[in-house]
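What follows is input.csv (CSV, C-alpha atoms).
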chain,number,residue,atom,x,y,z
V,180,MET,CA,30.0,-95.5,21.9
V,181,ILE,CA,27.9,-95.0,25.0
V,182,ARG,CA,29.8,-95.8,28.2
V,183,LYS,CA,28.3,-97.1,31.4
V,184,GLY,CA,27.5,-94.5,34.0
V,185,ARG,CA,28.8,-94.1,37.5
V,186,ASN,CA,26.3,-96.6,38.9
V,187,GLY,CA,27.4,-99.2,36.3
V,188,GLU,CA,24.1,-99.1,34.4
V,189,ASN,CA,23.5,-98.3,30.8
V,190,GLY,CA,20.2,-96.5,31.4
V,191,ARG,CA,16.7,-96.5,32.8
V,192,ASN,CA,13.3,-95.7,31.4
V,193,GLY,CA,13.1,-92.4,29.5
V,194,MET,CA,11.3,-89.3,30.7
V,195,ALA,CA,8.5,-87.5,28.8
V,196,ILE,CA,9.2,-84.1,27.3
V,197,THR,CA,7.5,-81.5,29.5
V,198,PRO,CA,6.2,-78.1,28.4
V,199,LEU,CA,9.0,-76.4,30.3
V,200,MET,CA,11.6,-78.5,28.5
V,201,ALA,CA,10.0,-77.6,25.1
V,202,VAL,CA,10.1,-73.8,26.0
V,203,MET,CA,13.7,-74.0,27.1
V,204,ALA,CA,14.6,-75.9,23.9
V,205,VAL,CA,13.2,-73.0,21.9
V,206,THR,CA,15.0,-70.5,24.1
V,207,VAL,CA,18.3,-72.4,23.4
V,208,VAL,CA,17.7,-72.2,19.7
V,209,CYS,CA,17.0,-68.5,19.9
V,210,LEU,CA,20.0,-67.7,22.0
V,211,CYS,CA,22.3,-69.8,19.8
V,212,CYS,CA,20.9,-68.1,16.7
V,213,MET,CA,21.6,-64.7,18.2
V,214,SER,CA,25.1,-65.7,19.0
V,215,ILE,CA,25.7,-67.2,15.6
V,216,ILE,CA,24.3,-64.2,13.8
V,217,SER,CA,26.6,-61.8,15.8
V,218,ASN,CA,29.6,-63.9,14.8
V,219,SER,CA,28.8,-64.8,11.2
V,220,HIS,CA,30.3,-63.2,8.1
V,221,SER,CA,26.9,-63.0,6.4
V,222,ILE,CA,23.2,-63.4,7.2
V,223,GLU,CA,23.0,-66.3,4.8
V,224,ASN,CA,25.7,-68.2,6.8
V,225,ALA,CA,24.0,-67.3,10.0
V,226,MET,CA,20.6,-68.6,8.9
V,227,THR,CA,22.2,-71.8,7.7
V,228,ASP,CA,23.8,-72.3,11.0
V,229,CYS,CA,20.6,-71.6,12.8
V,230,ALA,CA,18.7,-74.1,10.6
V,231,MET,CA,21.3,-76.7,11.4
V,232,LEU,CA,20.8,-76.1,15.1
V,233,ALA,CA,17.1,-76.4,14.9
V,234,LEU,CA,17.3,-79.7,13.1
V,235,SER,CA,20.2,-81.1,15.1
V,236,THR,CA,18.2,-82.9,17.8
V,237,PRO,CA,17.4,-85.8,17.8
V,238,ASN,CA,20.0,-87.4,15.5
V,239,ASN,CA,18.0,-89.9,13.5
V,240,ASP,CA,21.0,-91.5,11.8
V,241,LYS,CA,21.4,-94.6,13.9
V,242,ASN,CA,24.6,-95.4,12.1
V,243,LYS,CA,26.3,-92.5,13.7
V,244,VAL,CA,25.6,-93.6,17.3
V,245,ASP,CA,26.5,-97.0,18.7
V,246,ASN,CA,23.7,-98.5,20.8
V,247,TYR,CA,21.1,-95.8,19.8
V,248,ASP,CA,18.3,-97.3,21.9
V,249,VAL,CA,20.5,-96.8,25.0
V,250,LEU,CA,21.1,-93.2,24.1
V,251,LEU,CA,17.3,-92.6,23.9
V,252,GLN,CA,16.7,-94.4,27.2
V,253,THR,CA,19.3,-92.3,29.0
V,254,LYS,CA,18.4,-89.0,27.4
V,255,HIS,CA,16.3,-87.7,30.2
V,256,ASP,CA,17.3,-90.0,33.1
V,257,LEU,CA,18.7,-88.1,36.1
V,258,SER,CA,18.7,-89.5,39.6
V,259,PHE,CA,20.9,-88.3,42.4
V,260,PRO,CA,22.5,-91.1,44.5
V,261,LYS,CA,22.7,-91.0,48.3
V,262,THR,CA,26.5,-90.2,47.9
V,263,CYS,CA,25.6,-86.8,46.4
V,264,HIS,CA,26.2,-84.3,49.2
V,265,GLY,CA,26.2,-80.9,47.4
V,266,LYS,CA,25.7,-77.5,48.9
V,267,GLY,CA,28.0,-78.2,51.8
V,268,ARG,CA,29.2,-75.7,54.3
V,269,ALA,CA,32.5,-77.1,55.5
V,270,MET,CA,34.9,-74.4,54.3
V,271,ALA,CA,38.6,-74.1,54.0
V,272,ALA,CA,40.3,-71.8,56.4
V,273,SER,CA,39.6,-68.1,55.8
V,274,THR,CA,42.6,-66.2,54.6
V,275,MET,CA,43.1,-63.6,51.9
V,276,THR,CA,46.7,-64.4,51.3
V,277,PRO,CA,46.9,-65.6,47.6
V,278,LYS,CA,48.3,-69.0,46.7
V,279,VAL,CA,49.9,-67.4,43.6
V,280,PRO,CA,51.9,-64.2,44.3
V,281,LYS,CA,50.1,-61.1,43.0
V,282,ALA,CA,52.9,-60.2,40.7
V,283,LYS,CA,52.7,-63.6,39.0
V,284,ALA,CA,48.9,-63.2,38.7
V,285,ILE,CA,49.3,-59.8,37.1
V,286,GLU,CA,51.9,-61.2,34.7
V,287,LEU,CA,49.5,-63.9,33.6
V,288,ALA,CA,46.7,-61.4,33.1
V,289,GLN,CA,48.9,-59.1,31.1
V,290,GLY,CA,49.3,-61.8,28.4
V,291,GLY,CA,51.2,-64.6,30.2
V,292,PHE,CA,48.3,-67.0,29.6
V,293,LYS,CA,49.2,-67.0,25.9
V,294,ARG,CA,52.2,-69.1,26.7
V,295,ILE,CA,49.8,-71.9,27.6
V,296,GLY,CA,48.2,-73.9,24.8
V,297,GLN,CA,44.7,-72.8,24.0
V,298,GLY,CA,42.0,-75.4,24.5
V,299,SER,CA,38.9,-73.3,24.7
V,300,GLY,CA,37.8,-69.9,23.6
V,301,LYS,CA,39.1,-66.5,24.8
V,302,VAL,CA,39.9,-66.5,28.5
V,303,ASP,CA,40.9,-62.9,29.3
V,304,LEU,CA,37.5,-61.5,30.0
V,305,VAL,CA,36.2,-64.6,31.8
V,306,GLY,CA,39.4,-64.6,33.7
V,307,ALA,CA,38.7,-61.1,34.9
V,308,VAL,CA,35.1,-62.1,35.8
V,309,ALA,CA,36.4,-65.2,37.7
V,310,MET,CA,38.7,-62.9,39.7
V,311,LYS,CA,35.9,-60.5,40.6
V,312,LEU,CA,33.5,-63.4,41.5
V,313,SER,CA,36.2,-65.0,43.7
V,314,LYS,CA,36.7,-61.8,45.6
V,315,ILE,CA,33.0,-61.6,46.2
V,316,GLN,CA,32.9,-65.2,47.4
V,317,HIS,CA,35.8,-64.6,49.8
V,318,GLU,CA,34.2,-61.5,51.2
V,319,PHE,CA,31.1,-63.7,51.9
V,320,GLY,CA,33.3,-66.2,53.7
V,321,ILE,CA,33.2,-68.9,51.0
V,322,PHE,CA,36.6,-70.7,50.8
V,323,GLY,CA,36.9,-74.0,49.1
V,324,THR,CA,38.5,-76.0,46.4
V,325,VAL,CA,39.3,-74.5,43.0
V,326,ALA,CA,39.0,-77.1,40.1
V,327,GLU,CA,38.6,-77.8,36.5
V,328,LEU,CA,37.2,-80.8,34.6
V,329,GLY,CA,38.9,-81.0,31.2
V,330,VAL,CA,42.0,-78.9,31.4
V,331,HIS,CA,43.6,-79.5,28.0
V,332,HIS,CA,46.9,-77.7,28.5
V,333,GLY,CA,45.7,-75.5,31.4
V,334,ARG,CA,45.0,-72.1,29.9
V,335,PHE,CA,41.6,-71.4,31.7
V,336,THR,CA,42.8,-73.5,34.6
V,337,SER,CA,45.5,-70.8,35.2
V,338,CYS,CA,42.8,-68.1,35.3
V,339,LEU,CA,41.0,-70.0,38.0
V,340,PHE,CA,44.1,-71.0,40.0
V,341,ILE,CA,45.3,-67.4,40.4
V,342,THR,CA,42.1,-66.7,42.3
V,343,ALA,CA,42.9,-69.3,44.9
V,344,ARG,CA,43.8,-68.3,48.4
V,345,GLU,CA,46.6,-70.0,50.4
V,346,SER,CA,44.2,-72.4,52.2
V,347,GLU,CA,42.3,-73.5,49.1
V,348,LYS,CA,43.1,-76.8,47.4
V,349,LEU,CA,43.6,-77.2,43.6
V,350,VAL,CA,42.1,-80.1,41.7
V,351,VAL,CA,42.0,-81.1,38.1
V,352,ALA,CA,40.7,-84.0,36.0
V,353,ASP,CA,41.4,-84.9,32.4
V,354,ILE,CA,41.8,-88.0,30.3
V,355,PHE,CA,45.1,-86.6,29.0
V,356,GLU,CA,46.8,-89.4,27.1
V,357,GLN,CA,43.9,-91.8,27.6
V,358,GLN,CA,42.4,-90.6,24.3
V,359,GLU,CA,40.5,-93.9,23.7
V,360,LYS,CA,38.1,-92.4,26.3
V,361,ASN,CA,37.6,-89.2,24.3
V,362,VAL,CA,34.4,-90.4,22.7
V,363,ASP,CA,33.5,-87.0,21.2
V,364,LYS,CA,37.0,-85.9,20.2
V,365,SER,CA,36.6,-82.7,22.2
V,366,GLY,CA,40.2,-81.5,22.7
V,367,LYS,CA,43.4,-83.4,23.2
V,368,GLY,CA,44.8,-82.9,26.7
V,369,ASN,CA,48.5,-83.4,27.5
V,370,LYS,CA,49.6,-83.9,31.0
V,371,GLU,CA,53.2,-82.9,30.5
V,372,ALA,CA,52.1,-79.7,28.8
V,373,PHE,CA,49.7,-79.0,31.7
V,374,ILE,CA,52.5,-79.5,34.3
V,375,ARG,CA,54.7,-77.1,32.3
V,376,SER,CA,51.9,-74.5,32.3
V,377,LEU,CA,52.0,-74.3,36.1
V,378,SER,CA,55.4,-72.7,36.0
V,379,VAL,CA,54.0,-69.8,33.9
V,380,TYR,CA,52.4,-68.4,37.1
V,381,GLY,CA,54.7,-69.8,39.8
V,382,LEU,CA,53.1,-73.1,40.7
V,383,GLN,CA,54.4,-76.7,40.4
V,384,ILE,CA,52.7,-80.1,40.4
V,385,SER,CA,53.2,-80.5,44.2
V,386,ASP,CA,50.9,-77.5,44.8
V,387,LEU,CA,48.0,-79.5,43.5
V,388,HIS,CA,45.9,-81.7,45.8
V,389,GLU,CA,44.5,-84.0,43.1
V,390,VAL,CA,45.4,-84.6,39.5
V,391,TYR,CA,42.9,-87.2,38.3
V,392,VAL,CA,43.8,-89.0,35.0
V,393,GLY,CA,40.8,-90.6,33.4
V,394,SER,CA,37.2,-89.9,32.3
V,395,THR,CA,35.1,-87.7,34.5
V,396,ASP,CA,32.3,-90.2,34.0
V,397,GLU,CA,34.3,-92.6,36.2
V,398,LEU,CA,34.6,-90.3,39.1
V,399,PRO,CA,32.4,-90.9,42.2
V,400,PHE,CA,29.7,-88.4,43.2
V,401,ASP,CA,31.3,-88.1,46.6
V,402,TRP,CA,34.7,-87.3,45.1
V,403,SER,CA,35.6,-84.6,47.5
V,404,GLU,CA,34.9,-86.8,50.5
V,405,ARG,CA,36.9,-89.7,49.1
V,406,LYS,CA,39.9,-87.6,48.2
V,407,GLU,CA,39.6,-85.4,51.3
V,408,PHE,CA,39.3,-81.9,49.8
V,409,GLU,CA,36.8,-79.2,50.6
V,410,GLN,CA,33.9,-78.9,48.2
V,411,PHE,CA,34.3,-76.7,45.2
V,412,ARG,CA,34.2,-72.9,45.6
V,413,ILE,CA,34.5,-72.6,41.8
V,414,ILE,CA,34.8,-75.3,39.2
V,415,SER,CA,35.1,-75.2,35.4
V,416,VAL,CA,33.2,-77.9,33.5
V,417,ASP,CA,34.9,-78.5,30.2
V,418,ALA,CA,35.3,-82.2,29.7
V,419,GLY,CA,33.0,-84.4,27.6
V,420,HIS,CA,30.9,-82.5,25.1
V,421,THR,CA,28.0,-85.0,24.5
V,422,ALA,CA,24.7,-84.3,26.2
V,423,ILE,CA,25.0,-87.3,28.5
V,424,LEU,CA,28.6,-86.5,29.5
V,425,THR,CA,27.8,-82.8,30.0
V,426,ARG,CA,24.8,-83.6,32.2
V,427,GLY,CA,26.9,-86.1,34.2
V,428,ASP,CA,29.7,-83.5,34.7
V,429,MET,CA,27.2,-80.9,35.9
V,430,MET,CA,25.8,-83.4,38.3
V,431,LEU,CA,29.3,-84.3,39.6
V,432,ALA,CA,30.1,-80.6,40.1
V,433,ALA,CA,26.8,-80.0,41.9
V,434,CYS,CA,27.3,-82.9,44.2
V,435,ASN,CA,30.6,-81.4,45.3
V,436,LEU,CA,29.8,-77.7,45.3
V,437,LEU,CA,29.8,-75.5,48.4
V,438,GLU,CA,26.7,-73.5,49.2
V,439,GLY,CA,27.2,-70.4,47.1
V,440,GLY,CA,29.8,-72.2,45.0
V,441,ILE,CA,30.1,-71.5,41.2
V,442,ALA,CA,30.1,-73.9,38.3
V,443,VAL,CA,31.3,-72.6,34.9
V,444,LEU,CA,30.1,-74.6,31.9
V,445,ASP,CA,32.1,-74.1,28.8
V,446,ASP,CA,30.9,-74.2,25.1
V,447,THR,CA,27.3,-73.5,25.9
V,448,PHE,CA,25.4,-72.4,22.8
V,449,HIS,CA,28.4,-73.4,20.7
V,450,SER,CA,27.4,-74.1,17.1
V,451,ASN,CA,29.9,-77.0,16.9
V,452,TRP,CA,29.1,-78.6,20.2
V,453,PHE,CA,25.3,-78.9,20.5
V,454,GLY,CA,25.6,-81.7,23.0
V,455,VAL,CA,26.8,-79.3,25.7
V,456,THR,CA,23.7,-77.1,25.4
V,457,GLU,CA,21.4,-80.2,25.3
V,458,GLY,CA,23.0,-81.7,28.4
V,459,MET,CA,22.7,-78.3,30.2
V,460,ILE,CA,19.0,-78.1,29.5
V,461,GLN,CA,18.4,-81.7,30.4
V,462,TYR,CA,20.2,-81.1,33.7
V,463,MET,CA,18.3,-77.9,34.6
V,464,THR,CA,14.9,-79.4,33.7
V,465,THR,CA,15.4,-82.6,35.8
V,466,ALA,CA,17.6,-81.6,38.7
V,467,VAL,CA,16.1,-81.0,42.1
V,468,GLU,CA,17.1,-79.1,45.2
V,469,PRO,CA,19.6,-78.9,46.7
V,470,HIS,CA,21.4,-79.8,43.4
V,471,GLN,CA,19.7,-77.3,41.1
V,472,LEU,CA,21.9,-74.8,39.3
V,473,TYR,CA,20.9,-71.2,38.5
V,474,PRO,CA,22.7,-69.2,35.7
V,475,PHE,CA,23.7,-65.7,36.4
V,476,LEU,CA,26.1,-64.8,33.6
V,477,TYR,CA,26.8,-65.9,30.1
V,478,CYS,CA,30.2,-64.7,28.9
V,479,ASP,CA,32.4,-65.7,25.9
V,480,GLY,CA,30.8,-69.1,25.6
V,481,LYS,CA,30.8,-69.9,29.3
V,482,MET,CA,27.7,-70.1,31.5
V,483,PHE,CA,28.2,-69.3,35.2
V,484,PHE,CA,25.9,-71.0,37.6
V,485,THR,CA,25.5,-71.1,41.4
V,486,ASN,CA,23.4,-73.5,43.5
V,487,ASP,CA,21.6,-71.0,45.7
V,488,ARG,CA,19.1,-68.4,44.7
V,489,THR,CA,20.3,-65.9,47.3
V,490,TYR,CA,23.8,-66.1,46.1
V,491,HIS,CA,22.5,-65.9,42.5
V,492,THR,CA,21.1,-62.5,43.3
V,493,ARG,CA,24.3,-61.4,45.1
V,494,TYR,CA,26.5,-62.4,42.2
V,495,TYR,CA,24.2,-60.8,39.6
V,496,ASP,CA,24.0,-57.5,41.6
V,497,ALA,CA,27.7,-57.4,42.5
V,498,LEU,CA,28.7,-57.8,38.8
V,499,MET,CA,26.4,-55.0,37.8
V,500,ASP,CA,27.7,-52.8,40.6
V,501,GLU,CA,31.3,-53.3,39.4
V,502,SER,CA,32.1,-50.1,37.4
V,503,LEU,CA,34.9,-51.9,35.5
V,504,LEU,CA,32.5,-54.6,34.2
V,505,LYS,CA,29.2,-52.7,33.9
V,506,PRO,CA,29.9,-51.3,30.4
V,507,ILE,CA,30.2,-54.8,29.0
V,508,LEU,CA,27.3,-56.5,30.9
V,509,HIS,CA,23.8,-56.6,29.5
V,510,THR,CA,20.5,-57.6,31.1
V,511,ASP,CA,18.7,-57.9,27.8
V,512,ALA,CA,19.1,-57.9,24.0
V,513,LEU,CA,17.0,-54.9,23.1
V,514,LYS,CA,20.0,-53.1,21.8
V,515,TRP,CA,20.3,-55.8,19.0
V,516,GLY,CA,16.5,-56.1,18.5
V,517,GLY,CA,16.2,-59.1,20.7
V,518,SER,CA,14.7,-60.2,24.1
V,519,SER,CA,13.7,-57.8,26.8
V,520,GLU,CA,15.5,-59.9,29.4
V,521,PHE,CA,17.7,-63.0,29.6
V,522,VAL,CA,15.9,-65.7,31.6
V,523,MET,CA,16.7,-69.4,32.1
V,524,ASN,CA,15.7,-71.9,34.7
V,525,GLY,CA,13.4,-69.3,36.3
V,526,VAL,CA,16.1,-66.7,37.0
V,527,ASN,CA,17.6,-63.7,35.2
V,528,PHE,CA,21.2,-63.9,33.9
V,529,LEU,CA,23.6,-61.3,32.4
V,530,ARG,CA,25.4,-61.5,29.2
V,531,CYS,CA,28.8,-60.0,28.5
V,532,LYS,CA,29.5,-58.4,25.2
V,533,ARG,CA,33.0,-57.3,24.2
V,534,GLU,CA,32.9,-53.6,23.7
V,535,ASP,CA,35.7,-51.1,23.2
V,536,VAL,CA,37.3,-51.7,26.5
V,537,ASP,CA,40.8,-52.6,27.7
V,538,VAL,CA,40.3,-56.1,29.1
V,539,LYS,CA,43.9,-56.3,30.3
V,540,LYS,CA,43.4,-53.2,32.4
V,541,ILE,CA,40.1,-54.5,33.8
V,542,TRP,CA,41.7,-57.9,34.7
V,543,ASN,CA,44.8,-56.3,36.2
V,544,SER,CA,42.6,-53.9,38.3
V,545,LEU,CA,40.5,-56.7,39.8
V,546,ILE,CA,43.5,-58.9,41.0
V,547,TYR,CA,43.7,-58.9,44.8
Kindly return the structure encoded in the file as structure tokens.
Amino acid sequence: MIRKGRNGENGRNGMAITPLMAVMAVTVVCLCCMSIISNSHSIENAMTDCAMLALSTPNNDKNKVDNYDVLLQTKHDLSFPKTCHGKGRAMAASTMTPKVPKAKAIELAQGGFKRIGQGSGKVDLVGAVAMKLSKIQHEFGIFGTVAELGVHHGRFTSCLFITARESEKLVVADIFEQQEKNVDKSGKGNKEAFIRSLSVYGLQISDLHEVYVGSTDELPFDWSERKEFEQFRIISVDAGHTAILTRGDMMLAACNLLEGGIAVLDDTFHSNWFGVTEGMIQYMTTAVEPHQLYPFLYCDGKMFFTNDRTYHTRYYDALMDESLLKPILHTDALKWGGSSEFVMNGVNFLRCKREDVDVKKIWNSLIY
């Protein structure tokens, strides 16, 4: 079922495939294959998965998609409404006092997050990275809302919320029990379980500024203005997993992202959720300034973006300069017989690779 978009329209005329889009599509296949091979039990299984990926788009079985013509029409349609006011500079008050007590944050990092239902992949390493990036942002004077689209039970949400400072608002959105809106069956959120998860690290529901229950596709592009919260300093995008929903959620994030803000897209290059990667590529190849997003890190299935090239360089360099993280960060795949550099959307990005390191120790050391 294809739902109506935020403007109440089912779609507009399609866009022709450009050479850049074709090149990026090939890049996606290569990166996915590299990821699949590194995680497969055999080369035979890996090659099968790669072949499935290469043949997965477009889906020519019209019986599997309602209103297939609408899907084709909306595939590459991306227009930013006048209500999209991303790359803002209205910050929250600057204070380094954490919203979650440091002791509680350390407790979560040392394994407390396992008490929260798992909805995505591993969160310990990306949790440590989010903590490092948040400190960098705060040192640059970037203070804003911390949010997640698609929280499930709140495991990765907890990793983000413990980075928040006292002045920063907390926002989440999920369909929770409105499962009839879960068109791709990606997860099954539970509001009561999410509320219980907050107590694991010392928060309660009253500490959140906004808990939106419903599809993210129904949220307005000027969400932050309407609900009176500062634009996002960091936001996780992990809601719908179709190409159209992913692209729309990236757009929603970009329209409400502070200058230098960070958007974290989950399940990129995932062999079971090809729609996320397709939506990501569609967004990057059609978005325009000031709403373009630039990747600077791919880690445990999550792609980290920012909306400013200057901050892209700052985040990239700061991560490489962090001695605790440097051993697990890679600028290329030469070590595994792959690419001499990781490049997407015209910029370089890093890739984390779990080595023989103590992730708990790294995360604990980065908490501030």
Interatomic distance, CA of His332 in chain V to CA of Tyr547 in chain V (Å, one decimal): 25.1 Å
Atom pair CA of Arg344 in chain V / CA of Lys266 in chain V: separation (Å):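 Taking CA of Arg344 in chain V and CA of Lys266 in chain V, their separation equals 20.3 Å.
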Who sits within 12 Å of Asp401 in chain V, only C-alpha atoms, same chain under 6 positions skipped, as a PyMOL selection string: chain V and resi 185+259-265+267+407-411+430-436
Counting all atoms listed in the file, the residue of V:Asp363, V:Asp445, V:Asp500, V:Asp511 that sits nearest Glu327 in chain V: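 Comparing V:Asp363, V:Asp445, V:Asp500, V:Asp511 against Glu327 in chain V, the winner is V:Asp445.
One distance worth recording is that between CA of Val416 in chain V and CA of Leu444 in chain V, which is 4.8 Å.
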Who sits within 9 Å of range 470-483 of chain V, only C-alpha atoms, same chain under 6 positions skipped, as a ChimeraX atom specification: /V:259,263-266,300-302,304-305,308,429-430,433-434,436,441-449,462-463,491-492,494-495,508,522-533
Spatial neighbours of range 311-315 of chain V, 12 Å, only C-alpha atoms, chain gap at least 6 places, as a VMD selection string: chain V and resid 274 to 277 304 to 305 321 to 325 338 to 344 347 411 to 414 439 to 443 475 to 476 483 to 485 490 to 491 493 to 504 541 to 547
Mind writing the picked residues with C-alpha atoms as a short mmCIF file (atom, residue, chain, number, x, y, z; two decimals), in the frame of the given file?
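Here's the written file result_28.cif:
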data_model
loop_
_atom_site.label_atom_id
_atom_site.label_comp_id
_atom_site.auth_asym_id
_atom_site.auth_seq_id
_atom_site.Cartn_x
_atom_site.Cartn_y
_atom_site.Cartn_z
CA THR V 274 42.60 -66.20 54.60
CA MET V 275 43.10 -63.60 51.90
CA THR V 276 46.70 -64.40 51.30
CA PRO V 277 46.90 -65.60 47.60
CA LEU V 304 37.50 -61.50 30.00
CA VAL V 305 36.20 -64.60 31.80
CA ILE V 321 33.20 -68.90 51.00
CA PHE V 322 36.60 -70.70 50.80
CA GLY V 323 36.90 -74.00 49.10
CA THR V 324 38.50 -76.00 46.40
CA VAL V 325 39.30 -74.50 43.00
CA CYS V 338 42.80 -68.10 35.30
CA LEU V 339 41.00 -70.00 38.00
CA PHE V 340 44.10 -71.00 40.00
CA ILE V 341 45.30 -67.40 40.40
CA THR V 342 42.10 -66.70 42.30
CA ALA V 343 42.90 -69.30 44.90
CA ARG V 344 43.80 -68.30 48.40
CA GLU V 347 42.30 -73.50 49.10
CA PHE V 411 34.30 -76.70 45.20
CA ARG V 412 34.20 -72.90 45.60
CA ILE V 413 34.50 -72.60 41.80
CA ILE V 414 34.80 -75.30 39.20
CA GLY V 439 27.20 -70.40 47.10
CA GLY V 440 29.80 -72.20 45.00
CA ILE V 441 30.10 -71.50 41.20
CA ALA V 442 30.10 -73.90 38.30
CA VAL V 443 31.30 -72.60 34.90
CA PHE V 475 23.70 -65.70 36.40
CA LEU V 476 26.10 -64.80 33.60
CA PHE V 483 28.20 -69.30 35.20
CA PHE V 484 25.90 -71.00 37.60
CA THR V 485 25.50 -71.10 41.40
CA TYR V 490 23.80 -66.10 46.10
CA HIS V 491 22.50 -65.90 42.50
CA ARG V 493 24.30 -61.40 45.10
CA TYR V 494 26.50 -62.40 42.20
CA TYR V 495 24.20 -60.80 39.60
CA ASP V 496 24.00 -57.50 41.60
CA ALA V 497 27.70 -57.40 42.50
CA LEU V 498 28.70 -57.80 38.80
CA MET V 499 26.40 -55.00 37.80
CA ASP V 500 27.70 -52.80 40.60
CA GLU V 501 31.30 -53.30 39.40
CA SER V 502 32.10 -50.10 37.40
CA LEU V 503 34.90 -51.90 35.50
CA LEU V 504 32.50 -54.60 34.20
CA ILE V 541 40.10 -54.50 33.80
CA TRP V 542 41.70 -57.90 34.70
CA ASN V 543 44.80 -56.30 36.20
CA SER V 544 42.60 -53.90 38.30
CA LEU V 545 40.50 -56.70 39.80
CA ILE V 546 43.50 -58.90 41.00
CA TYR V 547 43.70 -58.90 44.80
#
Neighbour list for range 382-399 of chain V as JSON, numbers by chain, cut-off 8 Å, all atoms listed in the file, skip fewer than 3 positions in-chain: {"V": [184, 185, 279, 328, 348, 349, 350, 351, 352, 353, 354, 355, 357, 360, 374, 377, 378, 379, 402, 406, 408, 418, 419, 424, 427, 428, 431]}
Close residues, Thr421 in chain V itself excluded, 8 Å, only C-alpha atoms, min 4 positions apart in chain, as a count of residues only: 7
Expected residue set, 8 Å radius at (38.3, -68.9, 55.7), all atoms listed in the file, as a list in words: Met270, Ala271, Ala272, Ser273, Thr274, His317, Gly320, Ile321, Phe322 and Ser346 of chain V
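Each of V:Thr456, V:Thr510, V:Asn486, V:Thr336 was checked against Leu437 in chain V using all atoms listed in the file; the smallest atom-to-atom distance is that of V:Asn486.
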